[in-house]
file coords_30.cif (mmCIF, C-alpha atoms)
data_final
loop_
_atom_site.group_PDB
_atom_site.id
_atom_site.type_symbol
_atom_site.label_atom_id
_atom_site.label_comp_id
_atom_site.auth_asym_id
_atom_site.auth_seq_id
_atom_site.Cartn_x
_atom_site.Cartn_y
_atom_site.Cartn_z
ATOM 1 C CA MET H 1 7.073 46.711 -0.604
ATOM 2 C CA LYS H 2 5.900 44.762 2.410
ATOM 3 C CA LEU H 3 3.705 41.752 1.720
ATOM 4 C CA LYS H 4 0.953 41.254 4.269
ATOM 5 C CA ARG H 5 -0.689 38.100 2.990
ATOM 6 C CA ALA H 6 -0.135 35.366 0.388
ATOM 7 C CA ASN H 7 -2.760 33.383 -1.498
ATOM 8 C CA THR H 8 -2.121 30.650 -4.066
ATOM 9 C CA ILE H 9 -5.081 30.001 -6.374
ATOM 10 C CA LEU H 10 -5.530 26.618 -8.061
ATOM 11 C CA TYR H 11 -7.862 26.635 -11.076
ATOM 12 C CA CYS H 12 -9.531 23.232 -11.243
ATOM 13 C CA ARG H 13 -11.630 21.162 -13.641
ATOM 14 C CA HIS H 14 -12.295 18.679 -10.817
ATOM 15 C CA TRP H 15 -13.432 21.476 -8.521
ATOM 16 C CA THR H 16 -15.809 19.633 -6.184
ATOM 17 C CA GLU H 17 -13.404 16.738 -5.586
ATOM 18 C CA THR H 18 -10.478 19.127 -5.050
ATOM 19 C CA VAL H 19 -12.416 21.240 -2.536
ATOM 20 C CA GLU H 20 -13.423 18.054 -0.686
ATOM 21 C CA PHE H 21 -9.786 16.895 -0.648
ATOM 22 C CA TYR H 22 -8.466 20.071 0.967
ATOM 23 C CA ARG H 23 -11.429 20.311 3.348
ATOM 24 C CA ASP H 24 -11.820 16.645 4.353
ATOM 25 C CA ILE H 25 -8.429 14.988 3.779
ATOM 26 C CA LEU H 26 -6.036 17.862 4.562
ATOM 27 C CA GLN H 27 -8.608 19.296 7.013
ATOM 28 C CA LEU H 28 -7.859 22.899 6.125
ATOM 29 C CA PRO H 29 -10.241 25.489 7.595
ATOM 30 C CA ILE H 30 -12.353 27.462 5.132
ATOM 31 C CA ALA H 31 -11.846 31.227 5.311
ATOM 32 C CA PHE H 32 -14.231 32.127 2.457
ATOM 33 C CA ARG H 33 -16.504 30.299 0.040
ATOM 34 C CA ASN H 34 -19.046 30.892 -2.639
ATOM 35 C CA ASP H 35 -20.489 28.671 -5.364
ATOM 36 C CA TRP H 36 -17.247 28.506 -7.436
ATOM 37 C CA PHE H 37 -14.365 29.605 -5.193
ATOM 38 C CA VAL H 38 -13.155 28.327 -1.818
ATOM 39 C CA GLU H 39 -10.344 29.892 0.186
ATOM 40 C CA PHE H 40 -8.565 27.758 2.797
ATOM 41 C CA ARG H 41 -6.440 29.187 5.609
ATOM 42 C CA LEU H 42 -2.953 27.643 5.769
ATOM 43 C CA THR H 43 -1.492 30.016 8.378
ATOM 44 C CA ASP H 44 -2.408 33.462 9.696
ATOM 45 C CA HIS H 45 -0.983 35.056 6.550
ATOM 46 C CA ALA H 46 -1.057 32.298 3.906
ATOM 47 C CA TYR H 47 -4.064 30.942 2.033
ATOM 48 C CA LEU H 48 -4.805 28.394 -0.666
ATOM 49 C CA SER H 49 -7.812 28.857 -2.922
ATOM 50 C CA VAL H 50 -9.559 26.464 -5.290
ATOM 51 C CA ALA H 51 -11.443 28.042 -8.193
ATOM 52 C CA ASN H 52 -13.798 26.307 -10.620
ATOM 53 C CA VAL H 53 -12.510 26.829 -14.187
ATOM 54 C CA GLN H 54 -16.106 26.832 -15.468
ATOM 55 C CA ARG H 55 -16.541 30.211 -13.759
ATOM 56 C CA ALA H 56 -12.969 31.563 -13.867
ATOM 57 C CA THR H 57 -11.102 33.430 -16.593
ATOM 58 C CA ILE H 58 -8.001 31.203 -16.224
ATOM 59 C CA GLN H 59 -7.837 27.547 -17.250
ATOM 60 C CA SER H 60 -6.500 24.619 -15.231
ATOM 61 C CA ALA H 61 -2.815 23.748 -15.374
ATOM 62 C CA GLU H 62 -4.034 20.189 -14.704
ATOM 63 C CA GLY H 63 -1.392 19.800 -12.014
ATOM 64 C CA HIS H 64 1.536 20.491 -14.351
ATOM 65 C CA GLY H 65 4.393 22.552 -12.958
ATOM 66 C CA ILE H 66 2.904 23.101 -9.517
ATOM 67 C CA THR H 67 4.143 21.810 -6.172
ATOM 68 C CA LEU H 68 2.605 22.990 -2.931
ATOM 69 C CA SER H 69 5.281 22.569 -0.281
ATOM 70 C CA CYS H 70 4.309 22.735 3.392
ATOM 71 C CA GLN H 71 6.309 22.100 6.535
ATOM 72 C CA VAL H 72 4.636 19.844 9.113
ATOM 73 C CA SER H 73 5.513 19.256 12.751
ATOM 74 C CA ASN H 74 5.490 15.440 12.578
ATOM 75 C CA ILE H 75 6.258 13.857 9.207
ATOM 76 C CA ASP H 76 5.664 10.284 10.408
ATOM 77 C CA SER H 77 2.236 11.090 11.834
ATOM 78 C CA ALA H 78 1.183 12.985 8.687
ATOM 79 C CA HIS H 79 2.357 10.133 6.464
ATOM 80 C CA GLU H 80 0.510 7.506 8.502
ATOM 81 C CA THR H 81 -2.690 9.580 8.620
ATOM 82 C CA PHE H 82 -2.816 9.866 4.833
ATOM 83 C CA LYS H 83 -2.072 6.174 4.363
ATOM 84 C CA GLN H 84 -4.921 5.272 6.753
ATOM 85 C CA GLN H 85 -7.247 7.522 4.731
ATOM 86 C CA GLY H 86 -6.336 5.615 1.565
ATOM 87 C CA VAL H 87 -4.396 8.506 0.019
ATOM 88 C CA ALA H 88 -1.522 7.437 -2.245
ATOM 89 C CA VAL H 89 1.706 8.762 -0.729
ATOM 90 C CA THR H 90 5.349 8.262 -1.594
ATOM 91 C CA PRO H 91 7.752 6.832 0.982
ATOM 92 C CA ILE H 92 9.343 9.324 3.376
ATOM 93 C CA ARG H 93 12.806 10.233 2.115
ATOM 94 C CA GLN H 94 15.615 12.471 3.280
ATOM 95 C CA LYS H 95 16.016 15.420 0.903
ATOM 96 C CA TRP H 96 17.187 19.030 1.043
ATOM 97 C CA GLY H 97 18.138 18.853 4.734
ATOM 98 C CA GLY H 98 14.840 17.349 5.829
ATOM 99 C CA TRP H 99 12.375 14.498 5.518
ATOM 100 C CA SER H 100 9.642 14.670 2.903
ATOM 101 C CA PHE H 101 6.951 12.769 1.049
ATOM 102 C CA TYR H 102 4.541 13.563 -1.771
ATOM 103 C CA LEU H 103 0.862 13.132 -2.592
ATOM 104 C CA HIS H 104 -1.444 14.602 -5.252
ATOM 105 C CA ASP H 105 -4.821 16.305 -5.087
ATOM 106 C CA PRO H 106 -7.666 15.255 -7.447
ATOM 107 C CA GLU H 107 -6.600 17.884 -10.002
ATOM 108 C CA GLY H 108 -3.071 16.428 -10.086
ATOM 109 C CA HIS H 109 -1.256 19.140 -8.125
ATOM 110 C CA ARG H 110 1.747 17.716 -6.290
ATOM 111 C CA ILE H 111 1.861 18.326 -2.544
ATOM 112 C CA GLU H 112 5.149 18.010 -0.690
ATOM 113 C CA LEU H 113 5.033 17.675 3.087
ATOM 114 C CA TRP H 114 8.349 18.034 4.866
ATOM 115 C CA GLN H 115 10.014 18.319 8.236
ATOM 116 C CA PRO H 116 13.536 19.578 8.994
ATOM 117 C CA LEU H 117 16.127 16.992 10.071
ATOM 118 C CA THR H 118 16.438 18.738 13.422
ATOM 119 C CA PRO H 119 13.425 20.478 14.942
#
call {"tool": "encode", "arguments": {"input": "coords_30.cif", "output": "structure tokens"}}
result
Amino acid sequence: MKLKRANTILYCRHWTETVEFYRDILQLPIAFRNDWFVEFRLTDHAYLSVANVQRATIQSAEGHGITLSCQVSNIDSAHETFKQQGVAVTPIRQKWGGWSFYLHDPEGHRIELWQPLTP
């Protein structure tokens, strides 16, 4: 089997706020949208979707057991940008051979941003 594309779907009770977070705060480009489902492009072959539980057949995990982990090119710049936007972020810490910090979306999903120790 050869995978060609990956898409993670988050089922959300706080759908509007979560869509706004990924669109406006994380500034992810929208690849597809309708009135209850928005798909954001992470990379050429990876996507993140936000679905409204009021229209979906799966309920929200309410942020439990989910971490979205994404590598960034400049951890300090990303951290400072979120702080300036008023987003609650953890301090940058060295972990797993890199630098990382955490934040949460309005649904409670944990987001880990990280950068390797050596580029």
call {"tool": "atom_distance", "arguments": {"input": "coords_30.cif", "atom1": "atom CA of H:Ala61", "atom2": "atom CA of H:Thr90"}}
result
22.3 Å
call {"tool": "resolve_selection", "arguments": {"input": "coords_30.cif", "expression": "the PyMOL selection byres ((chain H and resi 50) around 8)", "output": "PyMOL selection string"}}
result
chain H and resi 9-12+15+18-19+37-39+48-49+51-52
call {"tool": "resolve_selection", "arguments": {"input": "coords_30.cif", "expression": "the PyMOL selection byres ((chain H and resi 62) around 12)", "output": "JSON, numbers by chain"}}
result
{"H": [10, 11, 12, 13, 14, 15, 18, 53, 58, 59, 60, 61, 63, 64, 65, 66, 67, 104, 105, 106, 107, 108, 109, 110]}
call {"tool": "residues_around", "arguments": {"input": "coords_30.cif", "residues": "H:Arg41", "least_positions_apart": "3", "cutoff": "12 Å", "atoms": "all atoms listed in the file", "output": "list in words"}}
result
Arg5, Ala6, Asn7, Thr8, Tyr22, Arg23, Leu26, Gln27, Leu28, Pro29, Ile30, Ala31, Phe32, Arg33, Val38, Asp44, His45, Ala46, Tyr47, Leu48, Ser49 and Val50 of chain H
call {"tool": "resolve_selection", "arguments": {"input": "coords_30.cif", "expression": "the PyMOL selection byres ((chain H and resi 82-87) around 9)", "output": "PyMOL selection string"}}
result
chain H and resi 25-26+77-81+88-89+103-104
call {"tool": "axis_aligned_box", "arguments": {"input": "coords_30.cif", "around": "stretch 43-60 of chain H", "padding_each_side": "8 Å", "output": "AutoDock Vina command-line options"}}
result
--center_x -8.8 --center_y 29.8 --center_z -3.8 --size_x 31.6 --size_y 26.4 --size_z 42.9
call {"tool": "atom_distance", "arguments": {"input": "coords_30.cif", "atom1": "atom CA of H:Leu68", "atom2": "atom CA of H:Ala56"}}
result
20.9 Å
call {"tool": "atom_distance", "arguments": {"input": "coords_30.cif", "atom1": "atom CA of H:Ile75", "atom2": "atom CA of H:Ile111"}}
result
13.3 Å
call {"tool": "closest_residue", "arguments": {"input": "coords_30.cif", "among": "H:Glu112, H:Thr16, H:Asn74, H:Leu117", "to": "H:Gly98", "atoms": "all atoms listed in the file"}}
result
H:Leu117
call {"tool": "decode", "arguments": {"input": "coords_30.cif", "residues": "stretch 2-119 of chain H", "atoms": "C-alpha atoms", "output": "compact mmCIF listing (two decimals), in the first residue's frame"}}
result
# COMPACT_ATOMS: atom_id res chain seq x y z
CA LYS H 2 1.27 3.45 -0.86
CA LEU H 3 -0.40 6.35 0.91
CA LYS H 4 -0.84 9.42 -1.27
CA ARG H 5 -2.43 11.83 1.16
CA ALA H 6 -3.23 12.14 4.87
CA ASN H 7 -6.13 13.98 6.49
CA THR H 8 -6.84 14.26 10.21
CA ILE H 9 -10.46 15.15 11.01
CA LEU H 10 -11.36 16.89 14.28
CA TYR H 11 -15.04 16.64 15.25
CA CYS H 12 -15.92 19.79 17.18
CA ARG H 13 -18.72 21.16 19.35
CA HIS H 14 -17.10 24.61 19.16
CA TRP H 15 -16.95 24.42 15.38
CA THR H 16 -17.04 28.10 14.42
CA GLU H 17 -14.39 29.11 16.97
CA THR H 18 -12.17 26.17 16.00
CA VAL H 19 -12.39 26.98 12.28
CA GLU H 20 -11.54 30.62 13.06
CA PHE H 21 -8.55 29.50 15.16
CA TYR H 22 -7.00 27.40 12.40
CA ARG H 23 -7.82 29.99 9.73
CA ASP H 24 -6.95 33.21 11.58
CA ILE H 25 -4.47 32.26 14.32
CA LEU H 26 -2.57 29.39 12.66
CA GLN H 27 -3.21 30.98 9.24
CA LEU H 28 -3.73 27.66 7.49
CA PRO H 29 -5.01 27.87 3.90
CA ILE H 30 -8.46 26.43 3.24
CA ALA H 31 -8.52 23.66 0.64
CA PHE H 32 -12.26 22.91 0.87
CA ARG H 33 -15.25 24.19 2.82
CA ASN H 34 -18.96 23.82 3.11
CA ASP H 35 -21.44 24.78 5.82
CA TRP H 36 -20.23 22.15 8.36
CA PHE H 37 -16.78 20.96 7.25
CA VAL H 38 -13.55 22.85 6.55
CA GLU H 39 -10.37 21.26 5.23
CA PHE H 40 -7.06 23.06 5.80
CA ARG H 41 -3.89 22.33 3.84
CA LEU H 42 -0.89 21.61 6.09
CA THR H 43 1.51 20.48 3.35
CA ASP H 44 1.13 19.24 -0.23
CA HIS H 45 0.02 15.84 1.06
CA ALA H 46 -1.29 16.48 4.59
CA TYR H 47 -4.56 18.09 5.61
CA LEU H 48 -6.44 18.92 8.79
CA SER H 49 -10.23 19.09 8.75
CA VAL H 50 -12.69 20.51 11.26
CA ALA H 51 -16.19 19.00 11.23
CA ASN H 52 -19.25 20.26 13.09
CA VAL H 53 -20.57 17.46 15.34
CA GLN H 54 -24.13 18.74 14.82
CA ARG H 55 -23.89 17.49 11.23
CA ALA H 56 -21.42 14.60 11.62
CA THR H 57 -21.97 10.98 12.61
CA ILE H 58 -19.04 11.04 15.08
CA GLN H 59 -19.01 12.97 18.36
CA SER H 60 -16.30 15.26 19.69
CA ALA H 61 -13.43 13.82 21.72
CA GLU H 62 -13.42 17.25 23.40
CA GLY H 63 -9.66 17.43 23.00
CA HIS H 64 -8.98 14.25 24.97
CA GLY H 65 -6.22 11.99 23.69
CA ILE H 66 -5.29 14.10 20.68
CA THR H 67 -2.06 15.97 20.01
CA LEU H 68 -1.39 17.57 16.66
CA SER H 69 2.38 17.73 16.31
CA CYS H 70 3.91 19.94 13.62
CA GLN H 71 7.50 20.86 12.88
CA VAL H 72 8.17 24.57 12.32
CA SER H 73 11.20 26.30 10.85
CA ASN H 74 11.64 28.85 13.66
CA ILE H 75 10.35 27.87 17.10
CA ASP H 76 11.17 31.24 18.69
CA SER H 77 9.32 33.21 16.03
CA ALA H 78 6.26 30.92 16.21
CA HIS H 79 6.19 31.17 20.01
CA GLU H 80 6.44 34.96 19.98
CA THR H 81 3.76 35.30 17.29
CA PHE H 82 1.25 33.31 19.33
CA LYS H 83 2.07 35.22 22.51
CA GLN H 84 1.51 38.54 20.68
CA GLN H 85 -1.86 37.24 19.47
CA GLY H 86 -2.87 36.51 23.07
CA VAL H 87 -2.77 32.72 22.65
CA ALA H 88 -1.83 30.81 25.81
CA VAL H 89 1.40 28.92 25.11
CA THR H 90 3.72 26.90 27.29
CA PRO H 91 7.38 27.87 27.61
CA ILE H 92 9.73 26.48 24.96
CA ARG H 93 11.46 23.39 26.31
CA GLN H 94 14.02 20.92 25.03
CA LYS H 95 12.40 17.51 24.51
CA TRP H 96 12.86 14.47 22.29
CA GLY H 97 15.92 15.90 20.52
CA GLY H 98 14.30 19.23 19.74
CA TRP H 99 12.63 22.35 21.07
CA SER H 100 8.88 22.41 21.55
CA PHE H 101 5.94 24.24 23.06
CA TYR H 102 2.21 23.60 23.34
CA LEU H 103 -1.06 25.45 22.83
CA HIS H 104 -4.71 24.36 22.57
CA ASP H 105 -7.44 25.07 20.05
CA PRO H 106 -10.94 26.15 21.21
CA GLU H 107 -12.11 22.52 21.27
CA GLY H 108 -9.24 21.60 23.62
CA HIS H 109 -7.03 19.73 21.16
CA ARG H 110 -3.37 20.01 22.13
CA ILE H 111 -1.03 21.37 19.47
CA GLU H 112 2.70 20.74 19.75
CA LEU H 113 5.02 22.89 17.66
CA TRP H 114 8.62 21.75 17.51
CA GLN H 115 11.96 22.32 15.86
CA PRO H 116 14.95 19.95 15.77
CA LEU H 117 17.99 20.87 17.88
CA THR H 118 20.07 21.15 14.72
CA PRO H 119 18.45 22.31 11.49
